[in-house]
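Novice: Mind looking over this structure? Questions follow.
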Amino acid sequence: MVDAVSPPFIGADAVRGALSMRGAIDAIARALPLVDADAQPARVAAPLSRGQFLLMPSELGAVAGCKVLTVAGPERAPEATERIQGVMLLFDSRTLAPRAIVDGAALTSLRTPAVSAAIADLVTPSDASTLAVFGTGPQARAHVEAMRAIRPIDRAFVVARTRERAATATADWVFDDVEVCPADSGIVAEADLIVCATTAAEPVLASPDVPAHATVVAIGSHEPHRRELPADLLGRSHVVVEGRQVAATEAGDVILAIADGALDEARLLTARDLATGAATVDFDRPRVVKTCGMAWQDVVVAAAVAERAGAPTGGTSA
């Protein structure tokens with residue numbers, strides 16, 4: 001029986017050992033039709049001298065949770081070993097007793113690509129095989145793994161500020177049956193799936209390069225003044241968001257495209273719309289998936305991790 005006073009700590013290695021990427025994707029996919037993202041509590045950001053706190057609360061069925069993170073930009077905290085650090089606190093919704101503490105960085109590294117893949121799975125042709133990834137950090141690598149879990153990816157092109165940097169960063173990215181190569185941004189013209197996982201404040205690709213059949217996933221920012229995608233790309237695409245409220249307050253790619261007059265807010269689709277069949281997309285224009293990360297997703301994945309790690313939480317409504 002779990003001690004309510006001293007809940008177990010599930011560290012990074014235990015998180016990775018407890019739940020596979022495929023398992024995390026499946027957990028999110030089961031929850032997508034059930035969760036009204038717009039009814040979820042908002043993320044709370046609080047400034048720190050060298051970064052910011054992020055507080056992300058949610059309750060789903062028998063489990064409640066709050067992820068507490070610190071986020072540091074390299075220019076503000078060069079001594080930080082990781083850009084994102086923190087913990088996820090899981091509670092029993094009935095008794096309100098703590099049930100587990102989960103390593104927050106490891107959880108985020110699993111949850112973010114799992115959400116991307118679960119949503120991309122709804123809007124991507126089944127034969128998509130070529131992936132382009134912008135970024136060289138942990139999320140970029142994790143997204144290669146996640147996209148491999150949903151589609152028969154056999155080539156992954158990695159784009160960084162220079163091709164040499166991409167080659168150095170990805171030298172140890174080894175995946176069975178996937179060729180990983182450094183490339184320039186124009187490679188998106190050959191891609192079926194495109195992932196932007198950068199810290200960029202301005203667009204990292206050009207809209208004319210993106211083919212109509214492609215799915216584009218942007219996960220690099222949750223700030224309203226930053227974007228990885230150009231407004232004209234969103235203007236010619238189906239745009240899928242986690243929820244309309246989070247998109248309107250945090251998704252800079254969406255907010256700035258609307259402000260530029262390229263995108264009509266009424267055209268936004270939610271992942272729940274697609275998961276329930278309330279909305280559909282066609283493949284004669286790109287599909288853009290913009291995520292910011294939401295606490296309910298952390299609760300779903302953390303509860304699955306805790307169950308498999310031997311710290312039962314009673315499960316979520318998903």
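Labels for the structure tokens follow display order: chains A, B, ..., residues from 1 in each chain, ligands from 1.
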Show me, as a Markdown table, the residues of stretch 115-194 of chain A having an atom within 12 Å of stretch 11-23 of chain A, each with the closest atom pair and its distance in Å, using only C-alpha atoms.
Specialist:
| residue | atom | partner | partner_atom | distance |
| --- | --- | --- | --- | --- |
| A:Val115 | CA | A:Met21 | CA | 10.3 |
| A:Ser116 | CA | A:Met21 | CA | 11.4 |
| A:Ala117 | CA | A:Arg22 | CA | 9.4 |
| A:Ala118 | CA | A:Arg22 | CA | 9.7 |
| A:Ala142 | CA | A:Met21 | CA | 8.8 |
| A:His143 | CA | A:Met21 | CA | 9.8 |
| A:Val144 | CA | A:Met21 | CA | 10.8 |
| A:Glu145 | CA | A:Met21 | CA | 7.5 |
| A:Ala146 | CA | A:Met21 | CA | 6.3 |
| A:Met147 | CA | A:Met21 | CA | 9.8 |
| A:Arg148 | CA | A:Arg22 | CA | 9.5 |
| A:Ala149 | CA | A:Arg22 | CA | 6.1 |
| A:Ile150 | CA | A:Arg22 | CA | 8.3 |
| A:Arg151 | CA | A:Arg22 | CA | 11.7 |
Novice: Could you pull the residues within 6 Å of A:Phe134, counting only C-alpha atoms, minus those fewer than 6 positions along the same chain, as a PyMOL selection string?
Specialist: chain A and resi 158-159+196-197
Novice: Any chance you could export the current selection's C-alpha atoms as an mmCIF file, in the first residue's frame?
Specialist:
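Done, and the output landed in result_23.cif:
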data_model
loop_
_atom_site.group_PDB
_atom_site.id
_atom_site.type_symbol
_atom_site.label_atom_id
_atom_site.label_comp_id
_atom_site.auth_asym_id
_atom_site.auth_seq_id
_atom_site.Cartn_x
_atom_site.Cartn_y
_atom_site.Cartn_z
ATOM 1 C CA VAL A 158 17.516 16.952 -39.106
ATOM 2 C CA VAL A 159 17.820 20.719 -39.590
ATOM 3 C CA CYS A 196 9.561 21.999 -35.352
ATOM 4 C CA ALA A 197 11.121 21.564 -31.917
#
Novice: Would you mind writing down, as a PyMOL selection string, each residue of stretch 102-234 of chain A that DSSP on the backbone assigns to alpha helix (DSSP H)?
Specialist: chain A and resi 104-120+138-150+163-169+231-234
Novice: Report the residues of stretch 114-316 of chain A whose backbone DSSP state falls under strand (DSSP E), written as a ChimeraX atom specification.
Specialist: /A:130-134,155-159,179-183,193-196,215-218,238-241,269-270,287-290
Novice: Pull N, CA and C atoms from the residues just selected and write them as a tab-separated table (two decimals), in the first residue's frame.
Specialist:
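Result saved to selection-v4.tsv:
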chain	number	residue	atom	x	y	z
A	130	THR	N	8.70	9.93	-44.72
A	130	THR	CA	9.84	10.84	-44.64
A	130	THR	C	9.56	11.93	-43.62
A	131	LEU	N	10.50	12.10	-42.69
A	131	LEU	CA	10.34	13.04	-41.58
A	131	LEU	C	11.43	14.09	-41.64
A	132	ALA	N	11.05	15.35	-41.43
A	132	ALA	CA	12.02	16.44	-41.27
A	132	ALA	C	11.84	17.01	-39.87
A	133	VAL	N	12.94	17.14	-39.14
A	133	VAL	CA	12.90	17.65	-37.77
A	133	VAL	C	13.78	18.88	-37.67
A	134	PHE	N	13.21	19.98	-37.21
A	134	PHE	CA	13.97	21.19	-36.93
A	134	PHE	C	14.29	21.19	-35.44
A	155	ARG	N	13.21	7.59	-43.29
A	155	ARG	CA	14.23	8.64	-43.41
A	155	ARG	C	13.86	9.80	-42.50
A	156	ALA	N	14.84	10.28	-41.73
A	156	ALA	CA	14.64	11.43	-40.85
A	156	ALA	C	15.74	12.45	-41.15
A	157	PHE	N	15.34	13.62	-41.64
A	157	PHE	CA	16.29	14.69	-41.92
A	157	PHE	C	16.26	15.69	-40.76
A	158	VAL	N	17.41	16.08	-40.27
A	158	VAL	CA	17.52	16.95	-39.11
A	158	VAL	C	18.12	18.29	-39.54
A	159	VAL	N	17.42	19.37	-39.19
A	159	VAL	CA	17.82	20.72	-39.59
A	159	VAL	C	18.20	21.51	-38.34
A	179	GLU	N	17.14	6.00	-41.45
A	179	GLU	CA	18.34	6.73	-41.82
A	179	GLU	C	18.20	8.17	-41.34
A	180	VAL	N	19.11	8.62	-40.48
A	180	VAL	CA	19.09	9.98	-39.94
A	180	VAL	C	20.19	10.79	-40.62
A	181	CYS	N	19.81	11.92	-41.25
A	181	CYS	CA	20.76	12.71	-42.02
A	181	CYS	C	20.60	14.19	-41.70
A	182	PRO	N	21.70	14.95	-41.62
A	182	PRO	CA	21.60	16.40	-41.52
A	182	PRO	C	21.12	16.97	-42.84
A	183	ALA	N	20.42	18.11	-42.78
A	183	ALA	CA	19.88	18.69	-44.02
A	183	ALA	C	19.67	20.19	-43.83
A	193	LEU	N	6.11	14.34	-42.99
A	193	LEU	CA	5.90	14.84	-41.63
A	193	LEU	C	7.02	15.82	-41.31
A	194	ILE	N	6.67	16.95	-40.72
A	194	ILE	CA	7.64	17.98	-40.36
A	194	ILE	C	7.42	18.33	-38.89
A	195	VAL	N	8.47	18.29	-38.09
A	195	VAL	CA	8.39	18.63	-36.67
A	195	VAL	C	9.30	19.82	-36.40
A	196	CYS	N	8.76	20.85	-35.78
A	196	CYS	CA	9.56	22.00	-35.35
A	196	CYS	C	9.66	21.95	-33.83
A	215	THR	N	2.11	16.98	-43.01
A	215	THR	CA	1.65	17.36	-41.67
A	215	THR	C	2.81	18.06	-40.97
A	216	VAL	N	2.54	19.24	-40.39
A	216	VAL	CA	3.55	20.02	-39.70
A	216	VAL	C	3.17	20.12	-38.23
A	217	VAL	N	4.09	19.73	-37.36
A	217	VAL	CA	3.87	19.79	-35.91
A	217	VAL	C	4.82	20.82	-35.32
A	218	ALA	N	4.29	21.79	-34.59
A	218	ALA	CA	5.11	22.83	-33.95
A	218	ALA	C	4.94	22.75	-32.44
A	238	HIS	N	-5.06	23.38	-42.76
A	238	HIS	CA	-5.93	23.03	-41.65
A	238	HIS	C	-5.09	23.21	-40.37
A	239	VAL	N	-5.60	23.94	-39.40
A	239	VAL	CA	-4.83	24.21	-38.18
A	239	VAL	C	-5.51	23.52	-37.01
A	240	VAL	N	-4.77	22.62	-36.36
A	240	VAL	CA	-5.30	21.81	-35.26
A	240	VAL	C	-4.61	22.24	-33.96
A	241	VAL	N	-5.40	22.51	-32.93
A	241	VAL	CA	-4.87	22.93	-31.63
A	241	VAL	C	-5.43	22.02	-30.54
A	269	LEU	N	-9.40	23.93	-35.62
A	269	LEU	CA	-9.95	22.63	-35.24
A	269	LEU	C	-9.27	22.19	-33.95
A	270	THR	N	-10.00	21.51	-33.10
A	270	THR	CA	-9.37	20.96	-31.90
A	270	THR	C	-9.11	19.47	-32.09
A	287	ARG	N	-1.62	20.11	-43.05
A	287	ARG	CA	-2.24	20.12	-41.73
A	287	ARG	C	-1.18	20.58	-40.73
A	288	VAL	N	-1.49	21.65	-39.99
A	288	VAL	CA	-0.58	22.18	-38.98
A	288	VAL	C	-1.12	21.82	-37.61
A	289	VAL	N	-0.32	21.13	-36.80
A	289	VAL	CA	-0.67	20.78	-35.43
A	289	VAL	C	0.16	21.66	-34.51
A	290	LYS	N	-0.47	22.54	-33.78
A	290	LYS	CA	0.23	23.42	-32.84
A	290	LYS	C	-0.14	23.04	-31.42
Novice: When you look at A:Thr280 with a cut-off of 9 Å (counting only C-alpha atoms), what residues show up, excluding the ones that are within fewer than 6 positions of it in the same chain? I need them as a list in words.
Specialist: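 Within the cut-off, the hits are Leu122, Val123, Leu269, Asp273 and Leu274 of chain A.
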Novice: Would you mind reading off the distance between atom CA of A:Ser185 and atom CA of A:Asp172, one decimal, in Å?
Specialist: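 Computing it gives 21.2 Å between the two atoms.
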Novice: Counting only C-alpha atoms, what are the residues of stretch 91-142 of chain A within 12 Å of stretch 53-65 of chain A, and for each of them which pair of atoms is the nearest and at what distance in Å, to one decimal? Sort the table by chain and rising number, as a Markdown table.
Specialist:
| residue | atom | partner | partner_atom | distance |
| --- | --- | --- | --- | --- |
| A:Phe91 | CA | A:Ala64 | CA | 5.0 |
| A:Asp92 | CA | A:Val63 | CA | 5.1 |
| A:Ser93 | CA | A:Ala62 | CA | 5.0 |
| A:Arg94 | CA | A:Ala62 | CA | 6.6 |
| A:Thr95 | CA | A:Ala62 | CA | 9.5 |
| A:Leu96 | CA | A:Ala64 | CA | 8.1 |
| A:Ala97 | CA | A:Ala64 | CA | 9.7 |
| A:Pro98 | CA | A:Gly65 | CA | 9.0 |
| A:Arg99 | CA | A:Val63 | CA | 9.0 |
| A:Ala100 | CA | A:Gly65 | CA | 9.5 |
| A:Ile101 | CA | A:Gly65 | CA | 9.6 |
| A:Val102 | CA | A:Gly65 | CA | 10.3 |
| A:Gly104 | CA | A:Met56 | CA | 11.1 |
| A:Thr108 | CA | A:Met56 | CA | 11.8 |
Novice: Smallest atom-to-atom distance to A:Ile25: which of A:Ala311, A:Ala278, A:Val87, A:Val300, using only C-alpha atoms?
Specialist: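 Checking each of A:Ala311, A:Ala278, A:Val87, A:Val300 against A:Ile25, counting only C-alpha atoms, the winner is A:Val300.
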Novice: Find the spatial neighbours of A:Pro33, counting only C-alpha atoms, within a cut-off of 6 Å - ignore same-chain residues fewer than 2 positions away - and output them as a PDB file with all heavy atoms, in the first residue's frame.
Specialist:
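Listing of result04.pdb after writing:
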ATOM      1  N   ALA A  31      -7.538   9.373 -24.331  1.00  0.00           N
ATOM      2  CA  ALA A  31      -8.091  10.509 -23.599  1.00  0.00           C
ATOM      3  C   ALA A  31      -8.607  11.611 -24.519  1.00  0.00           C
ATOM      4  O   ALA A  31      -9.500  12.373 -24.132  1.00  0.00           O
ATOM      5  CB  ALA A  31      -7.025  11.073 -22.656  1.00  0.00           C
ATOM      6  N   ARG A 272      -9.830  17.233 -30.063  1.00  0.00           N
ATOM      7  CA  ARG A 272     -11.041  16.507 -29.661  1.00  0.00           C
ATOM      8  C   ARG A 272     -12.051  16.443 -30.816  1.00  0.00           C
ATOM      9  O   ARG A 272     -12.708  15.414 -31.020  1.00  0.00           O
ATOM     10  CB  ARG A 272     -11.669  17.177 -28.442  1.00  0.00           C
ATOM     11  CG  ARG A 272     -12.805  16.375 -27.818  1.00  0.00           C
ATOM     12  CD  ARG A 272     -13.486  17.155 -26.728  1.00  0.00           C
ATOM     13  NE  ARG A 272     -14.395  16.310 -25.962  1.00  0.00           N
ATOM     14  CZ  ARG A 272     -15.321  16.796 -25.132  1.00  0.00           C
ATOM     15  NH1 ARG A 272     -15.457  18.101 -24.973  1.00  0.00           N
ATOM     16  NH2 ARG A 272     -16.110  15.975 -24.476  1.00  0.00           N
ATOM     17  N   ALA A 275     -10.801  13.661 -32.954  1.00  0.00           N
ATOM     18  CA  ALA A 275     -10.853  12.351 -32.302  1.00  0.00           C
ATOM     19  C   ALA A 275     -12.269  11.822 -32.189  1.00  0.00           C
ATOM     20  O   ALA A 275     -12.494  10.605 -32.195  1.00  0.00           O
ATOM     21  CB  ALA A 275     -10.200  12.429 -30.921  1.00  0.00           C
ATOM     22  N   THR A 276     -13.240  12.718 -32.075  1.00  0.00           N
ATOM     23  CA  THR A 276     -14.639  12.298 -31.960  1.00  0.00           C
ATOM     24  C   THR A 276     -15.337  12.210 -33.308  1.00  0.00           C
ATOM     25  O   THR A 276     -16.486  11.769 -33.382  1.00  0.00           O
ATOM     26  CB  THR A 276     -15.426  13.279 -31.072  1.00  0.00           C
ATOM     27  OG1 THR A 276     -15.382  14.585 -31.661  1.00  0.00           O
ATOM     28  CG2 THR A 276     -14.852  13.327 -29.657  1.00  0.00           C
TER      29      THR A 276
END
Novice: Would you list the contacts of stretch 251-259 of chain A as an mmCIF file with all heavy atoms, in the first residue's frame, taking every protein, DNA or RNA residue within 7 Å and counting only C-alpha atoms, but skipping same-chain residues closer than 4 positions in sequence?
Specialist:
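And here's part-v5.cif as it stands now:
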data_model
loop_
_atom_site.group_PDB
_atom_site.id
_atom_site.type_symbol
_atom_site.label_atom_id
_atom_site.label_comp_id
_atom_site.auth_asym_id
_atom_site.auth_seq_id
_atom_site.Cartn_x
_atom_site.Cartn_y
_atom_site.Cartn_z
ATOM 1 N N HIS A 222 5.454 28.036 -26.030
ATOM 2 C CA HIS A 222 4.117 28.245 -25.466
ATOM 3 C C HIS A 222 3.956 29.721 -25.104
ATOM 4 O O HIS A 222 3.166 30.083 -24.236
ATOM 5 C CB HIS A 222 3.916 27.368 -24.217
ATOM 6 C CG HIS A 222 4.898 27.665 -23.122
ATOM 7 N ND1 HIS A 222 6.074 26.971 -22.980
ATOM 8 C CD2 HIS A 222 4.874 28.583 -22.130
ATOM 9 C CE1 HIS A 222 6.742 27.453 -21.943
ATOM 10 N NE2 HIS A 222 6.027 28.431 -21.411
ATOM 11 N N GLU A 223 4.665 30.576 -25.812
ATOM 12 C CA GLU A 223 4.623 32.014 -25.536
ATOM 13 C C GLU A 223 3.966 32.753 -26.698
ATOM 14 O O GLU A 223 4.233 32.453 -27.863
ATOM 15 C CB GLU A 223 6.039 32.534 -25.309
ATOM 16 C CG GLU A 223 6.707 31.905 -24.091
ATOM 17 C CD GLU A 223 8.177 32.281 -23.979
ATOM 18 O OE1 GLU A 223 8.995 31.690 -24.705
ATOM 19 O OE2 GLU A 223 8.484 33.169 -23.170
ATOM 20 N N PRO A 224 3.107 33.732 -26.400
ATOM 21 C CA PRO A 224 2.296 34.356 -27.451
ATOM 22 C C PRO A 224 3.074 35.204 -28.448
ATOM 23 O O PRO A 224 2.555 35.524 -29.523
ATOM 24 C CB PRO A 224 1.296 35.217 -26.662
ATOM 25 C CG PRO A 224 1.938 35.444 -25.335
ATOM 26 C CD PRO A 224 2.737 34.216 -25.052
ATOM 27 N N HIS A 225 4.307 35.571 -28.128
ATOM 28 C CA HIS A 225 5.079 36.444 -29.016
ATOM 29 C C HIS A 225 6.145 35.683 -29.807
ATOM 30 O O HIS A 225 6.946 36.295 -30.509
ATOM 31 C CB HIS A 225 5.754 37.554 -28.200
ATOM 32 C CG HIS A 225 6.705 37.037 -27.159
ATOM 33 N ND1 HIS A 225 6.268 36.480 -25.979
ATOM 34 C CD2 HIS A 225 8.061 36.966 -27.139
ATOM 35 C CE1 HIS A 225 7.319 36.106 -25.262
ATOM 36 N NE2 HIS A 225 8.416 36.383 -25.945
ATOM 37 N N ARG A 226 6.152 34.361 -29.733
ATOM 38 C CA ARG A 226 7.153 33.569 -30.431
ATOM 39 C C ARG A 226 6.463 32.578 -31.374
ATOM 40 O O ARG A 226 5.391 32.064 -31.057
ATOM 41 C CB ARG A 226 8.035 32.788 -29.439
ATOM 42 C CG ARG A 226 8.740 33.667 -28.440
ATOM 43 C CD ARG A 226 9.471 32.819 -27.400
ATOM 44 N NE ARG A 226 10.648 32.181 -27.968
ATOM 45 C CZ ARG A 226 11.864 32.717 -27.956
ATOM 46 N NH1 ARG A 226 12.071 33.898 -27.409
ATOM 47 N NH2 ARG A 226 12.892 32.081 -28.478
ATOM 48 N N ARG A 227 7.090 32.302 -32.513
ATOM 49 C CA ARG A 227 6.517 31.342 -33.441
ATOM 50 C C ARG A 227 7.635 30.659 -34.227
ATOM 51 O O ARG A 227 8.681 31.239 -34.480
ATOM 52 C CB ARG A 227 5.538 32.018 -34.394
ATOM 53 C CG ARG A 227 6.117 33.141 -35.262
ATOM 54 C CD ARG A 227 5.036 33.685 -36.167
ATOM 55 N NE ARG A 227 5.382 34.993 -36.726
ATOM 56 C CZ ARG A 227 4.535 35.764 -37.380
ATOM 57 N NH1 ARG A 227 3.281 35.373 -37.550
ATOM 58 N NH2 ARG A 227 4.896 36.934 -37.852
ATOM 59 N N GLU A 228 7.357 29.433 -34.625
ATOM 60 C CA GLU A 228 8.264 28.676 -35.482
ATOM 61 C C GLU A 228 7.775 28.620 -36.919
ATOM 62 O O GLU A 228 8.544 28.303 -37.829
ATOM 63 C CB GLU A 228 8.409 27.249 -34.955
ATOM 64 C CG GLU A 228 9.025 27.138 -33.568
ATOM 65 C CD GLU A 228 9.031 25.708 -33.079
ATOM 66 O OE1 GLU A 228 7.943 25.182 -32.751
ATOM 67 O OE2 GLU A 228 10.122 25.115 -33.048
ATOM 68 N N LEU A 229 6.484 28.920 -37.119
ATOM 69 C CA LEU A 229 5.863 28.770 -38.437
ATOM 70 C C LEU A 229 5.416 30.129 -38.967
ATOM 71 O O LEU A 229 4.899 30.961 -38.216
ATOM 72 C CB LEU A 229 4.650 27.845 -38.349
ATOM 73 C CG LEU A 229 4.893 26.463 -37.734
ATOM 74 C CD1 LEU A 229 3.594 25.677 -37.715
ATOM 75 C CD2 LEU A 229 5.981 25.710 -38.488
ATOM 76 N N ALA A 231 3.054 32.907 -40.893
ATOM 77 C CA ALA A 231 1.606 33.102 -40.918
ATOM 78 C C ALA A 231 0.970 32.549 -42.181
ATOM 79 O O ALA A 231 -0.124 31.970 -42.140
ATOM 80 C CB ALA A 231 1.282 34.593 -40.769
ATOM 81 N N LEU A 234 0.046 28.843 -41.981
ATOM 82 C CA LEU A 234 -1.187 28.572 -41.247
ATOM 83 C C LEU A 234 -2.396 29.003 -42.063
ATOM 84 O O LEU A 234 -3.455 28.349 -42.031
ATOM 85 C CB LEU A 234 -1.184 29.275 -39.895
ATOM 86 C CG LEU A 234 -0.493 28.512 -38.764
ATOM 87 C CD1 LEU A 234 1.025 28.509 -38.943
ATOM 88 C CD2 LEU A 234 -0.848 29.069 -37.396
ATOM 89 N N VAL A 246 -6.335 27.669 -24.960
ATOM 90 C CA VAL A 246 -4.877 27.645 -24.851
ATOM 91 C C VAL A 246 -4.247 28.197 -26.115
ATOM 92 O O VAL A 246 -3.213 28.880 -26.067
ATOM 93 C CB VAL A 246 -4.358 26.226 -24.526
ATOM 94 C CG1 VAL A 246 -4.530 25.270 -25.692
ATOM 95 C CG2 VAL A 246 -2.889 26.262 -24.100
ATOM 96 N N ALA A 247 -4.850 27.954 -27.263
ATOM 97 C CA ALA A 247 -4.316 28.498 -28.507
ATOM 98 C C ALA A 247 -4.386 30.019 -28.516
ATOM 99 O O ALA A 247 -3.462 30.691 -28.989
ATOM 100 C CB ALA A 247 -5.085 27.934 -29.698
ATOM 101 N N LEU A 263 -5.002 34.108 -40.769
ATOM 102 C CA LEU A 263 -5.770 32.983 -40.225
ATOM 103 C C LEU A 263 -7.022 33.496 -39.532
ATOM 104 O O LEU A 263 -6.957 34.446 -38.744
ATOM 105 C CB LEU A 263 -4.899 32.194 -39.230
ATOM 106 C CG LEU A 263 -5.555 31.025 -38.501
ATOM 107 C CD1 LEU A 263 -5.944 29.925 -39.482
ATOM 108 C CD2 LEU A 263 -4.615 30.465 -37.428
ATOM 109 N N ASP A 264 -8.144 32.849 -39.804
ATOM 110 C CA ASP A 264 -9.409 33.155 -39.143
ATOM 111 C C ASP A 264 -9.561 32.212 -37.952
ATOM 112 O O ASP A 264 -9.517 30.982 -38.116
ATOM 113 C CB ASP A 264 -10.565 32.966 -40.126
ATOM 114 C CG ASP A 264 -11.922 33.328 -39.544
ATOM 115 O OD1 ASP A 264 -12.018 33.540 -38.312
ATOM 116 O OD2 ASP A 264 -12.891 33.368 -40.319
ATOM 117 N N GLU A 265 -9.730 32.763 -36.764
ATOM 118 C CA GLU A 265 -9.851 31.946 -35.559
ATOM 119 C C GLU A 265 -10.964 30.914 -35.675
ATOM 120 O O GLU A 265 -10.876 29.816 -35.115
ATOM 121 C CB GLU A 265 -10.087 32.841 -34.341
ATOM 122 C CG GLU A 265 -10.100 32.113 -33.023
ATOM 123 C CD GLU A 265 -10.242 33.050 -31.837
ATOM 124 O OE1 GLU A 265 -10.278 34.280 -32.043
ATOM 125 O OE2 GLU A 265 -10.320 32.538 -30.694
ATOM 126 N N CYS A 292 0.902 23.340 -27.135
ATOM 127 C CA CYS A 292 1.608 24.104 -26.107
ATOM 128 C C CYS A 292 1.926 23.241 -24.887
ATOM 129 O O CYS A 292 2.743 23.623 -24.057
ATOM 130 C CB CYS A 292 0.763 25.301 -25.660
ATOM 131 S SG CYS A 292 0.442 26.500 -26.977
#
Novice: Grab the atom CA of A:Ile153 to atom CA of A:Gln139 distance for me, in Å with one decimal place.
Specialist: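 Computing it gives 17.2 Å between the two atoms.
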Novice: Given the choices A:Pro208, A:Pro41, A:Gly135, A:Gly86, which gets closest to A:Pro230 if the distance is worked out from only C-alpha atoms?
Specialist: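 Closest residue, counting only C-alpha atoms: A:Pro208.
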Novice: For the atom pair atom CA of A:Arg83 and atom CA of A:Thr70, what is the interatomic distance in Å to one decimal place?
Specialist: 7.9 Å
